file data_21.cif (mmCIF, C-alpha atoms)
data_target
loop_
_atom_site.label_atom_id
_atom_site.label_comp_id
_atom_site.auth_asym_id
_atom_site.auth_seq_id
_atom_site.Cartn_x
_atom_site.Cartn_y
_atom_site.Cartn_z
CA MET L 253 2.48 -7.55 35.42
CA ASN L 254 -0.56 -8.56 33.43
CA PRO L 255 -0.56 -7.57 29.74
CA GLY L 256 -4.22 -8.58 29.58
CA SER L 257 -5.23 -6.01 32.21
CA THR L 258 -6.02 -2.84 30.28
CA PRO L 259 -8.05 0.16 31.40
CA ALA L 260 -9.94 0.80 28.16
CA VAL L 261 -10.96 -0.74 24.85
CA PRO L 262 -8.52 0.09 22.05
CA LYS L 263 -9.73 1.85 18.94
CA ILE L 264 -8.02 1.66 15.56
CA GLY L 265 -4.28 1.58 15.05
CA LEU L 266 -3.06 2.84 11.69
CA PHE L 267 0.33 1.61 10.50
CA ALA L 268 2.18 2.88 7.43
CA GLY L 269 5.27 1.50 5.76
CA ILE L 270 6.82 -1.21 3.66
CA SER L 271 5.39 -4.67 3.02
CA THR L 272 7.75 -7.43 1.97
CA VAL L 273 7.53 -11.13 1.31
CA ASP L 274 9.58 -12.85 4.02
CA ILE L 275 11.07 -16.28 3.33
CA ALA L 276 12.81 -17.60 6.43
CA TYR L 277 14.66 -20.86 7.02
CA LEU L 278 15.47 -22.32 10.42
CA VAL L 279 18.83 -24.13 10.47
CA ASP L 280 21.06 -25.58 13.18
CA SER L 281 23.88 -23.16 12.38
CA TYR L 282 24.80 -20.80 9.60
CA PRO L 283 25.71 -22.54 6.33
CA ALA L 284 29.25 -22.42 5.04
CA GLU L 285 29.91 -20.75 1.71
CA ASP L 286 29.01 -22.74 -1.43
CA THR L 287 27.15 -25.51 0.43
CA LYS L 288 23.62 -26.89 0.52
CA THR L 289 21.79 -27.03 3.84
CA GLN L 290 18.65 -28.91 4.84
CA ALA L 291 16.42 -26.55 6.83
CA LEU L 292 14.63 -27.59 10.01
CA ASP L 293 11.62 -25.40 9.24
CA GLN L 294 10.41 -22.68 6.87
CA PHE L 295 8.27 -19.56 7.22
CA ILE L 296 6.70 -17.57 4.39
CA GLY L 297 4.60 -14.50 5.09
CA ALA L 298 4.29 -10.75 4.90
CA GLY L 299 7.04 -8.75 6.55
CA GLY L 300 8.34 -5.27 7.16
CA PRO L 301 8.45 -3.16 10.35
CA ALA L 302 5.02 -1.51 10.10
CA THR L 303 3.51 -4.71 8.69
CA ASN L 304 4.62 -6.88 11.58
CA ALA L 305 3.61 -4.16 14.03
CA ALA L 306 0.11 -4.10 12.51
CA VAL L 307 -0.16 -7.88 12.94
CA ALA L 308 0.93 -7.62 16.58
CA TYR L 309 -1.65 -4.90 17.26
CA ALA L 310 -4.39 -7.07 15.78
CA ALA L 311 -3.21 -10.21 17.60
CA LEU L 312 -3.50 -8.43 20.94
CA GLY L 313 -7.06 -7.40 20.21
CA GLY L 314 -6.86 -4.11 18.33
CA ALA L 315 -8.44 -3.05 15.06
CA SER L 316 -5.48 -2.71 12.72
CA THR L 317 -5.15 -0.89 9.38
CA LEU L 318 -1.97 -0.97 7.28
CA VAL L 319 -1.28 1.67 4.62
CA THR L 320 1.33 0.26 2.26
CA ALA L 321 2.27 -0.45 -1.37
CA VAL L 322 1.36 -3.99 -2.43
CA GLY L 323 0.38 -3.70 -6.10
CA SER L 324 -1.01 -6.23 -8.56
CA HIS L 325 2.05 -8.51 -8.82
CA ARG L 326 1.25 -12.15 -7.97
CA LEU L 327 3.45 -11.94 -4.86
CA GLY L 328 1.12 -9.25 -3.59
CA ASP L 329 -1.58 -11.89 -3.12
CA LEU L 330 0.64 -13.63 -0.58
CA ILE L 331 0.95 -10.38 1.39
CA ARG L 332 -2.78 -9.61 1.24
CA ASN L 333 -3.84 -13.14 2.17
CA ASP L 334 -1.45 -13.36 5.12
CA LEU L 335 -2.52 -10.00 6.51
CA SER L 336 -6.21 -10.74 6.03
CA ALA L 337 -5.79 -14.03 7.88
CA HIS L 338 -4.26 -12.12 10.79
CA GLY L 339 -6.95 -9.47 11.04
CA VAL L 340 -5.15 -6.58 9.33
CA ARG L 341 -7.04 -4.35 6.92
CA VAL L 342 -4.83 -3.27 4.00
CA VAL L 343 -5.03 0.10 2.25
CA ASP L 344 -2.94 -0.33 -0.91
CA VAL L 345 -1.68 3.03 -2.18
CA ARG L 346 -0.18 1.40 -5.31
CA ALA L 347 -3.04 -0.96 -6.14
CA GLY L 348 -2.66 -0.48 -9.88
CA SER L 349 1.11 -1.01 -9.98
CA ASP L 350 2.70 -4.23 -11.23
CA HIS L 351 5.90 -3.72 -9.22
CA GLN L 352 7.31 -6.79 -7.48
CA PRO L 353 7.15 -6.45 -3.70
CA PRO L 354 10.56 -6.65 -2.02
CA VAL L 355 11.51 -10.17 -0.96
CA SER L 356 13.52 -10.76 2.23
CA SER L 357 15.59 -13.93 2.45
CA ILE L 358 16.28 -14.86 6.06
CA VAL L 359 18.41 -17.53 7.71
CA VAL L 360 17.70 -18.16 11.40
CA ALA L 361 20.44 -20.06 13.25
CA GLU L 362 18.80 -21.95 16.12
CA SER L 363 22.05 -22.56 17.98
CA ALA L 364 22.83 -18.85 18.14
CA ALA L 365 19.22 -17.55 18.19
CA THR L 366 20.24 -14.93 15.61
CA ARG L 367 19.14 -14.17 12.08
CA THR L 368 20.78 -12.90 8.90
CA ILE L 369 18.69 -11.02 6.35
CA VAL L 370 19.21 -10.11 2.71
CA SER L 371 16.52 -7.81 1.31
CA LEU L 372 15.60 -4.70 -0.64
CA ASP L 373 14.01 -1.63 0.87
CA GLY L 374 11.17 0.31 -0.74
CA ALA L 375 13.36 2.80 -2.61
CA ARG L 376 12.39 1.30 -6.00
CA ILE L 377 8.68 1.86 -5.36
CA ALA L 378 7.42 5.41 -5.81
CA VAL L 379 4.86 6.27 -3.12
CA GLU L 380 3.45 9.76 -2.70
CA PHE L 381 1.05 11.06 -0.08
CA ASP L 382 -2.58 11.28 -1.17
CA HIS L 383 -4.61 13.76 0.89
CA ARG L 384 -7.63 11.46 0.54
CA LEU L 385 -5.89 9.27 3.12
CA ALA L 386 -7.09 11.80 5.69
CA ASP L 387 -10.36 9.86 5.73
CA ARG L 388 -8.46 6.83 7.04
CA LEU L 389 -7.66 8.69 10.26
CA THR L 390 -11.28 8.78 11.40
CA GLY L 391 -11.54 6.92 14.71
CA VAL L 392 -7.80 6.23 14.83
CA ASN L 393 -6.09 6.70 18.17
CA VAL L 394 -2.48 5.90 17.25
CA VAL L 395 -0.41 6.10 14.05
CA LEU L 396 2.89 4.28 13.52
CA VAL L 397 5.28 4.81 10.63
CA ASP L 398 8.46 2.88 9.88
CA GLY L 399 10.18 5.60 7.83
CA HIS L 400 9.88 3.81 4.50
CA TYR L 401 8.00 5.77 1.84
CA PRO L 402 8.97 9.15 3.37
CA ALA L 403 6.28 11.25 1.69
CA LEU L 404 3.56 8.89 2.91
CA ALA L 405 4.96 8.84 6.44
CA ALA L 406 5.35 12.62 6.65
CA GLY L 407 1.89 13.31 5.27
CA LEU L 408 0.16 10.93 7.66
CA CYS L 409 2.12 12.12 10.70
CA GLU L 410 1.49 15.78 9.90
CA LEU L 411 -2.25 15.07 9.64
CA ALA L 412 -2.19 12.99 12.81
CA ARG L 413 -0.51 15.80 14.73
CA ALA L 414 -3.10 18.31 13.50
CA LEU L 415 -5.86 15.96 14.68
CA GLY L 416 -4.25 15.30 18.06
CA ILE L 417 -3.51 11.65 17.23
CA PRO L 418 -0.18 10.47 18.69
CA ALA L 419 2.34 9.43 16.03
CA VAL L 420 4.96 6.76 16.73
CA LEU L 421 8.19 6.30 14.79
CA ASP L 422 9.87 2.92 14.44
CA ALA L 423 13.44 4.09 13.88
CA GLY L 424 15.85 1.28 13.20
CA ARG L 425 18.63 3.14 11.40
CA PHE L 426 18.76 6.87 10.76
CA LYS L 427 17.39 8.04 7.41
CA ASP L 428 17.72 11.55 6.00
CA SER L 429 13.92 11.66 5.74
CA HIS L 430 13.68 11.51 9.54
CA VAL L 431 14.71 15.17 9.77
CA ALA L 432 11.40 16.40 8.32
CA LEU L 433 9.40 13.67 10.04
CA LEU L 434 10.53 14.07 13.66
CA PRO L 435 8.68 17.35 14.44
CA HIS L 436 5.40 15.46 13.96
CA ILE L 437 6.39 12.47 16.13
CA ARG L 438 5.24 12.15 19.73
CA SER L 439 7.04 8.88 20.52
CA ALA L 440 10.19 7.52 18.87
CA ILE L 441 11.35 3.99 19.60
CA CYS L 442 14.83 3.51 18.17
CA SER L 443 17.31 0.69 17.93
CA ALA L 444 20.82 1.04 19.27
CA ALA L 445 21.94 1.36 15.61
CA PHE L 446 20.09 4.69 15.23
CA ALA L 447 22.87 7.23 14.64
CA PRO L 448 22.04 10.72 13.32
CA PRO L 449 24.83 12.60 11.50
CA GLY L 450 27.75 13.37 13.78
CA ILE L 451 26.61 10.91 16.45
CA ALA L 452 28.29 7.56 16.93
CA ALA L 453 26.13 4.44 17.12
CA GLY L 454 25.66 3.58 20.78
CA ASP L 455 26.01 7.16 22.06
CA THR L 456 22.64 7.04 23.77
CA ASP L 457 22.94 10.40 25.56
CA ALA L 458 23.59 12.17 22.26
CA VAL L 459 20.71 10.35 20.56
CA LEU L 460 18.32 11.27 23.37
CA THR L 461 19.41 14.90 23.14
CA TYR L 462 19.06 14.92 19.35
CA LEU L 463 15.53 13.55 19.43
CA ARG L 464 14.42 15.81 22.28
CA THR L 465 15.80 18.84 20.43
CA ALA L 466 13.82 17.72 17.36
CA GLY L 467 10.65 17.94 19.47
CA VAL L 468 10.02 14.28 20.33
CA GLU L 469 8.27 13.98 23.70
CA ASN L 470 8.82 10.28 24.42
CA ILE L 471 12.01 8.47 23.43
CA ALA L 472 13.19 4.90 23.88
CA ILE L 473 16.29 3.08 22.68
CA THR L 474 16.19 -0.71 22.42
CA ASN L 475 19.18 -3.02 22.21
CA GLY L 476 18.13 -6.65 21.90
CA ASP L 477 18.04 -8.30 25.31
CA GLU L 478 19.79 -5.33 26.93
CA PRO L 479 17.64 -2.90 28.96
CA ILE L 480 15.52 -0.32 27.15
CA ILE L 481 16.56 3.18 28.13
CA GLY L 482 14.75 6.40 27.41
CA LEU L 483 13.24 9.70 28.29
CA THR L 484 9.61 10.77 28.78
CA GLY L 485 9.10 14.40 29.69
CA ASP L 486 11.90 15.12 32.15
CA ARG L 487 11.97 11.54 33.43
CA GLU L 488 14.73 9.13 32.47
CA PHE L 489 13.93 5.43 32.70
CA ARG L 490 15.32 1.95 32.23
CA ILE L 491 13.34 -1.21 31.52
CA ASP L 492 14.99 -4.59 32.04
CA ILE L 493 14.12 -7.26 29.47
CA SER L 494 12.61 -10.52 30.70
CA GLU L 495 14.83 -13.55 30.24
CA THR L 496 13.56 -15.98 27.65
CA ARG L 497 14.83 -18.99 25.75
CA ALA L 498 15.04 -17.35 22.36
CA VAL L 499 14.64 -19.44 19.22
CA ASP L 500 14.19 -16.64 16.71
CA THR L 501 14.48 -12.87 17.16
CA LEU L 502 13.12 -12.09 13.69
CA GLY L 503 10.58 -9.27 13.92
CA ALA L 504 10.87 -8.90 17.71
CA GLY L 505 11.43 -5.17 17.43
CA ASP L 506 8.46 -4.81 15.07
CA ILE L 507 6.28 -6.78 17.47
CA LEU L 508 7.41 -4.55 20.34
CA HIS L 509 6.30 -1.50 18.36
CA GLY L 510 2.90 -2.97 17.56
CA ALA L 511 2.37 -4.09 21.15
CA PHE L 512 3.44 -0.64 22.39
CA CYS L 513 0.80 0.96 20.16
CA TYR L 514 -1.82 -1.44 21.53
CA PHE L 515 -1.01 -0.74 25.17
CA THR L 516 -0.61 3.01 24.79
CA GLY L 517 -3.90 3.01 22.87
CA THR L 518 -5.66 1.56 25.89
CA GLY L 519 -4.52 4.34 28.19
CA HIS L 520 -1.20 3.16 29.65
CA ASP L 521 1.61 5.69 29.93
CA PHE L 522 4.76 5.51 27.83
CA VAL L 523 6.93 3.51 30.22
CA ARG L 524 4.19 1.07 31.22
CA SER L 525 3.27 0.50 27.58
CA LEU L 526 6.90 -0.22 26.72
CA THR L 527 7.26 -2.57 29.67
CA LEU L 528 4.24 -4.62 28.64
CA ALA L 529 5.29 -4.52 24.98
CA SER L 530 8.77 -5.79 25.83
CA GLU L 531 7.20 -8.83 27.50
CA VAL L 532 5.21 -9.60 24.36
CA ALA L 533 8.29 -9.15 22.16
CA SER L 534 10.39 -11.42 24.39
CA PHE L 535 7.62 -14.00 24.30
CA SER L 536 7.54 -13.92 20.49
CA CYS L 537 11.23 -14.89 20.41
CA ARG L 538 10.34 -18.33 21.77
CA PHE L 539 8.89 -19.29 18.39
CA PHE L 540 10.20 -19.52 14.84
CA GLY L 541 8.83 -16.97 12.40
CA THR L 542 6.74 -13.89 13.08
CA ARG L 543 3.30 -15.47 13.36
CA GLU L 544 3.30 -18.53 15.62
CA TRP L 545 3.44 -16.42 18.78
CA CYS L 546 0.05 -14.94 17.82
CA THR L 547 -1.60 -18.34 18.27
CA ARG L 548 0.20 -19.02 21.57
CA LEU L 549 -0.68 -15.89 23.53
CA SER L 550 -2.55 -17.92 26.12
CA GLU L 551 0.93 -19.13 27.19
CA LEU L 552 2.09 -15.60 27.96
CA PRO L 553 2.10 -15.32 31.76
CA GLY L 554 -0.94 -13.47 33.05
CA ARG L 555 -2.80 -13.38 29.75
CA GLY L 556 -5.68 -15.45 28.48
CA THR L 557 -6.52 -15.97 24.83
CA PRO L 558 -7.10 -12.51 23.28
CA ARG L 559 -10.48 -11.61 21.81
CA PRO L 560 -10.37 -9.28 18.81
CA GLU L 561 -12.26 -6.07 19.39
CA ALA L 562 -14.84 -4.78 16.93
#
call {"tool": "encode", "arguments": {"input": "data_21.cif", "output": "structure tokens"}}
result
Amino acid sequence: MNPGSTPAVPKIGLFAGISTVDIAYLVDSYPAEDTKTQALDQFIGAGGPATNAAVAYAALGGASTLVTAVGSHRLGDLIRNDLSAHGVRVVDVRAGSDHQPPVSSIVVAESAATRTIVSLDGARIAVEFDHRLADRLTGVNVVLVDGHYPALAAGLCELARALGIPAVLDAGRFKDSHVALLPHIRSAICSAAFAPPGIAAGDTDAVLTYLRTAGVENIAITNGDEPIIGLTGDREFRIDISETRAVDTLGAGDILHGAFCYFTGTGHDFVRSLTLASEVASFSCRFFGTREWCTRLSELPGRGTPRPEA
């Protein structure tokens, strides 16, 4: 498979959701309680599901716009500068606010290739939908929301549906706000932890049925390095994940979502887009942090160095 072989030039991907400041430390193994640990490496950058997805879309060659709440706090400059450096245009819906962006503290254990995160979500930041955002959908061919800022997500997805623009949901864990959002979603990519009320985590058949009943056309459930399973139309599918020597899985799911949007935006079908996106996500796990992989794409089998599209 060749992720660089695409049938059309992508247009604009619009991503909406939370932006955080990520501070990650790479260590040999998890620290014991009440100790000091010398890190092997450190990463500081913008984070959040939609944010990392927007970076991935841009890294692969798409034109990426992120609708989020950054504000005027000094930490917001770190978010803006990082995203600008990675080709993401930011639309700040709380530009006049002095709120502090959420900060995620992350420890990545190299020996286990796992990460532990302590963070806040966006519940402390009030974000409403502004109908003037409709102008931002001009020329857009895919919209992704991460479920944070529910009013913003619902407003954008409802507009996207009315305009015939496919809307994608990054669904990590179930939120009550998903109930109103799902009727406007064409493709939902969920983690194995996604468990609607009355459904046990890991009951994939029940989750597939729930999402199909809610009107979602394309559904996928990811589970780390386990196969992706899902449903598109009446077709069930399974995608095996490429083996890789993982160093850091931080943001791999976000990167998969952004890569999926890129590949589906170029004309690939749901399963093919997911297959190619899973290869990109697996590749990203070879590197510490959520940005180094962007500069190493020429090492991804079958792909040369990407050229950003106008």
call {"tool": "atom_distance", "arguments": {"input": "data_21.cif", "atom1": "CA of Ser439 in chain L", "atom2": "CA of Ala419 in chain L"}}
result
6.5 Å
call {"tool": "closest_residue", "arguments": {"input": "data_21.cif", "among": "L:Arg388, L:Phe512, L:Ile264, L:Val523", "to": "Asp492 in chain L", "atoms": "all atoms listed in the file"}}
result
L:Val523
call {"tool": "resolve_selection", "arguments": {"input": "data_21.cif", "expression": "the PyMOL selection byres ((chain L and resi 533) around 12)", "output": "ChimeraX atom specification"}}
result
/L:255,304-305,308-309,312,474,476-477,493-496,498,500-512,526-532,534-539,542-543,545-546,549,552
call {"tool": "write_last_selection", "arguments": {"input": "data_21.cif", "atoms": "C-alpha atoms", "output": "short mmCIF file (atom, residue, chain, number, x, y, z; two decimals), in the frame of the given file"}}
result
data_model
loop_
_atom_site.label_atom_id
_atom_site.label_comp_id
_atom_site.auth_asym_id
_atom_site.auth_seq_id
_atom_site.Cartn_x
_atom_site.Cartn_y
_atom_site.Cartn_z
CA PRO L 255 -0.56 -7.57 29.74
CA ASN L 304 4.62 -6.88 11.58
CA ALA L 305 3.61 -4.16 14.03
CA ALA L 308 0.93 -7.62 16.58
CA TYR L 309 -1.65 -4.90 17.26
CA LEU L 312 -3.50 -8.43 20.94
CA THR L 474 16.19 -0.71 22.42
CA GLY L 476 18.13 -6.65 21.90
CA ASP L 477 18.04 -8.30 25.31
CA ILE L 493 14.12 -7.26 29.47
CA SER L 494 12.61 -10.52 30.70
CA GLU L 495 14.83 -13.55 30.24
CA THR L 496 13.56 -15.98 27.65
CA ALA L 498 15.04 -17.35 22.36
CA ASP L 500 14.19 -16.64 16.71
CA THR L 501 14.48 -12.87 17.16
CA LEU L 502 13.12 -12.09 13.69
CA GLY L 503 10.58 -9.27 13.92
CA ALA L 504 10.87 -8.90 17.71
CA GLY L 505 11.43 -5.17 17.43
CA ASP L 506 8.46 -4.81 15.07
CA ILE L 507 6.28 -6.78 17.47
CA LEU L 508 7.41 -4.55 20.34
CA HIS L 509 6.30 -1.50 18.36
CA GLY L 510 2.90 -2.97 17.56
CA ALA L 511 2.37 -4.09 21.15
CA PHE L 512 3.44 -0.64 22.39
CA LEU L 526 6.90 -0.22 26.72
CA THR L 527 7.26 -2.57 29.67
CA LEU L 528 4.24 -4.62 28.64
CA ALA L 529 5.29 -4.52 24.98
CA SER L 530 8.77 -5.79 25.83
CA GLU L 531 7.20 -8.83 27.50
CA VAL L 532 5.21 -9.60 24.36
CA SER L 534 10.39 -11.42 24.39
CA PHE L 535 7.62 -14.00 24.30
CA SER L 536 7.54 -13.92 20.49
CA CYS L 537 11.23 -14.89 20.41
CA ARG L 538 10.34 -18.33 21.77
CA PHE L 539 8.89 -19.29 18.39
CA THR L 542 6.74 -13.89 13.08
CA ARG L 543 3.30 -15.47 13.36
CA TRP L 545 3.44 -16.42 18.78
CA CYS L 546 0.05 -14.94 17.82
CA LEU L 549 -0.68 -15.89 23.53
CA LEU L 552 2.09 -15.60 27.96
#
call {"tool": "resolve_selection", "arguments": {"input": "data_21.cif", "expression": "the PyMOL selection byres ((chain L and resi 272) around 9)", "output": "PyMOL selection string"}}
result
chain L and resi 270-271+273-274+297-300+303+322+328+331+353-356+371-374
call {"tool": "atom_distance", "arguments": {"input": "data_21.cif", "atom1": "CA of Arg548 in chain L", "atom2": "CA of Asp280 in chain L"}}
result
23.4 Å
call {"tool": "resolve_selection", "arguments": {"input": "data_21.cif", "expression": "the PyMOL selection byres ((chain L and resi 281) around 12)", "output": "list of chain:residue names"}}
result
L:Tyr277, L:Leu278, L:Val279, L:Asp280, L:Tyr282, L:Pro283, L:Ala284, L:Thr289, L:Gln290, L:Ala291, L:Leu292, L:Val359, L:Val360, L:Ala361, L:Glu362, L:Ser363, L:Ala364, L:Ala365, L:Thr366, L:Arg367, L:Thr368
call {"tool": "axis_aligned_box", "arguments": {"input": "data_21.cif", "around": "range 514-529 of chain L", "padding_each_side": "5 Å", "output": "JSON"}}
result
{"center_x": 0.8, "center_y": 0.5, "center_z": 26.4, "size_x": 22.9, "size_y": 20.3, "size_z": 19.7}
call {"tool": "atom_distance", "arguments": {"input": "data_21.cif", "atom1": "CA of Gly541 in chain L", "atom2": "CA of Ile358 in chain L"}}
result
10.0 Å
call {"tool": "residues_around", "arguments": {"input": "data_21.cif", "residues": "Pro418 in chain L", "least_positions_apart": "6", "cutoff": "8 Å", "atoms": "all atoms listed in the file", "output": "PyMOL selection string"}}
result
chain L and resi 393-395+412+437-439
call {"tool": "closest_residue", "arguments": {"input": "data_21.cif", "among": "L:Ile377, L:Ile481, L:Val340, L:Val431", "to": "Thr465 in chain L", "atoms": "all atoms listed in the file"}}
result
L:Val431
call {"tool": "closest_residue", "arguments": {"input": "data_21.cif", "among": "L:Gly407, L:Gly482, L:Gly269, L:Gly519", "to": "Asp422 in chain L", "atoms": "only C-alpha atoms"}}
result
L:Gly269
call {"tool": "closest_residue", "arguments": {"input": "data_21.cif", "among": "L:Ala306, L:Val319, L:Ala375, L:Ala386", "to": "Ala414 in chain L", "atoms": "all atoms listed in the file"}}
result
L:Ala386
call {"tool": "residues_around", "arguments": {"input": "data_21.cif", "residues": "Val459 in chain L", "least_positions_apart": "2", "cutoff": "10 Å", "atoms": "all atoms listed in the file", "output": "PyMOL selection string"}}
result
chain L and resi 442+444+446-448+451-457+461-465+471-473+482
call {"tool": "closest_residue", "arguments": {"input": "data_21.cif", "among": "L:Ala378, L:Val342, L:Leu434, L:Leu385", "to": "Gly399 in chain L", "atoms": "all atoms listed in the file"}}
result
L:Leu434
call {"tool": "build_atoms", "arguments": {"input": "data_21.cif", "residues": "range 265-273 of chain L", "atoms": "all heavy atoms", "output": "PDB file, in the frame of the given file"}}
result
ATOM      1  N   GLY L 265      -5.678   1.220  15.263  1.00  0.00           N
ATOM      2  CA  GLY L 265      -4.280   1.580  15.050  1.00  0.00           C
ATOM      3  C   GLY L 265      -4.011   1.629  13.567  1.00  0.00           C
ATOM      4  O   GLY L 265      -4.365   0.701  12.833  1.00  0.00           O
ATOM      5  N   LEU L 266      -3.408   2.717  13.095  1.00  0.00           N
ATOM      6  CA  LEU L 266      -3.060   2.840  11.690  1.00  0.00           C
ATOM      7  C   LEU L 266      -1.553   2.772  11.543  1.00  0.00           C
ATOM      8  O   LEU L 266      -0.826   3.511  12.202  1.00  0.00           O
ATOM      9  CB  LEU L 266      -3.594   4.151  11.108  1.00  0.00           C
ATOM     10  CG  LEU L 266      -3.451   4.290   9.584  1.00  0.00           C
ATOM     11  CD1 LEU L 266      -4.670   4.983   8.983  1.00  0.00           C
ATOM     12  CD2 LEU L 266      -2.176   5.065   9.218  1.00  0.00           C
ATOM     13  N   PHE L 267      -1.096   1.869  10.686  1.00  0.00           N
ATOM     14  CA  PHE L 267       0.330   1.610  10.500  1.00  0.00           C
ATOM     15  C   PHE L 267       0.668   1.901   9.036  1.00  0.00           C
ATOM     16  O   PHE L 267      -0.103   1.558   8.141  1.00  0.00           O
ATOM     17  CB  PHE L 267       0.644   0.154  10.850  1.00  0.00           C
ATOM     18  CG  PHE L 267       0.291  -0.183  12.272  1.00  0.00           C
ATOM     19  CD1 PHE L 267      -1.014  -0.498  12.622  1.00  0.00           C
ATOM     20  CD2 PHE L 267       1.260  -0.156  13.255  1.00  0.00           C
ATOM     21  CE1 PHE L 267      -1.358  -0.781  13.942  1.00  0.00           C
ATOM     22  CE2 PHE L 267       0.932  -0.433  14.578  1.00  0.00           C
ATOM     23  CZ  PHE L 267      -0.379  -0.743  14.921  1.00  0.00           C
ATOM     24  N   ALA L 268       1.804   2.518   8.792  1.00  0.00           N
ATOM     25  CA  ALA L 268       2.180   2.880   7.430  1.00  0.00           C
ATOM     26  C   ALA L 268       3.642   2.539   7.190  1.00  0.00           C
ATOM     27  O   ALA L 268       4.520   2.892   7.991  1.00  0.00           O
ATOM     28  CB  ALA L 268       1.948   4.374   7.184  1.00  0.00           C
ATOM     29  N   GLY L 269       3.892   1.844   6.086  1.00  0.00           N
ATOM     30  CA  GLY L 269       5.270   1.500   5.760  1.00  0.00           C
ATOM     31  C   GLY L 269       5.357   0.387   4.741  1.00  0.00           C
ATOM     32  O   GLY L 269       4.398   0.069   4.045  1.00  0.00           O
ATOM     33  N   ILE L 270       6.506  -0.222   4.687  1.00  0.00           N
ATOM     34  CA  ILE L 270       6.820  -1.210   3.660  1.00  0.00           C
ATOM     35  C   ILE L 270       6.212  -2.570   3.974  1.00  0.00           C
ATOM     36  O   ILE L 270       6.097  -2.965   5.145  1.00  0.00           O
ATOM     37  CB  ILE L 270       8.353  -1.333   3.510  1.00  0.00           C
ATOM     38  CG1 ILE L 270       8.713  -2.122   2.255  1.00  0.00           C
ATOM     39  CG2 ILE L 270       8.980  -1.955   4.754  1.00  0.00           C
ATOM     40  CD1 ILE L 270      10.202  -2.080   1.946  1.00  0.00           C
ATOM     41  N   SER L 271       5.808  -3.266   2.920  1.00  0.00           N
ATOM     42  CA  SER L 271       5.390  -4.670   3.020  1.00  0.00           C
ATOM     43  C   SER L 271       6.294  -5.504   2.136  1.00  0.00           C
ATOM     44  O   SER L 271       6.462  -5.207   0.954  1.00  0.00           O
ATOM     45  CB  SER L 271       3.927  -4.846   2.580  1.00  0.00           C
ATOM     46  OG  SER L 271       3.042  -4.299   3.505  1.00  0.00           O
ATOM     47  N   THR L 272       6.865  -6.532   2.705  1.00  0.00           N
ATOM     48  CA  THR L 272       7.750  -7.430   1.970  1.00  0.00           C
ATOM     49  C   THR L 272       7.182  -8.841   2.004  1.00  0.00           C
ATOM     50  O   THR L 272       6.256  -9.136   2.756  1.00  0.00           O
ATOM     51  CB  THR L 272       9.157  -7.442   2.601  1.00  0.00           C
ATOM     52  OG1 THR L 272       9.070  -8.024   3.914  1.00  0.00           O
ATOM     53  CG2 THR L 272       9.733  -6.050   2.710  1.00  0.00           C
ATOM     54  N   VAL L 273       7.756  -9.694   1.184  1.00  0.00           N
ATOM     55  CA  VAL L 273       7.530 -11.130   1.310  1.00  0.00           C
ATOM     56  C   VAL L 273       8.732 -11.696   2.050  1.00  0.00           C
ATOM     57  O   VAL L 273       9.875 -11.566   1.588  1.00  0.00           O
ATOM     58  CB  VAL L 273       7.392 -11.805  -0.068  1.00  0.00           C
ATOM     59  CG1 VAL L 273       7.320 -13.327   0.086  1.00  0.00           C
ATOM     60  CG2 VAL L 273       6.160 -11.297  -0.799  1.00  0.00           C
TER      61      VAL L 273
END
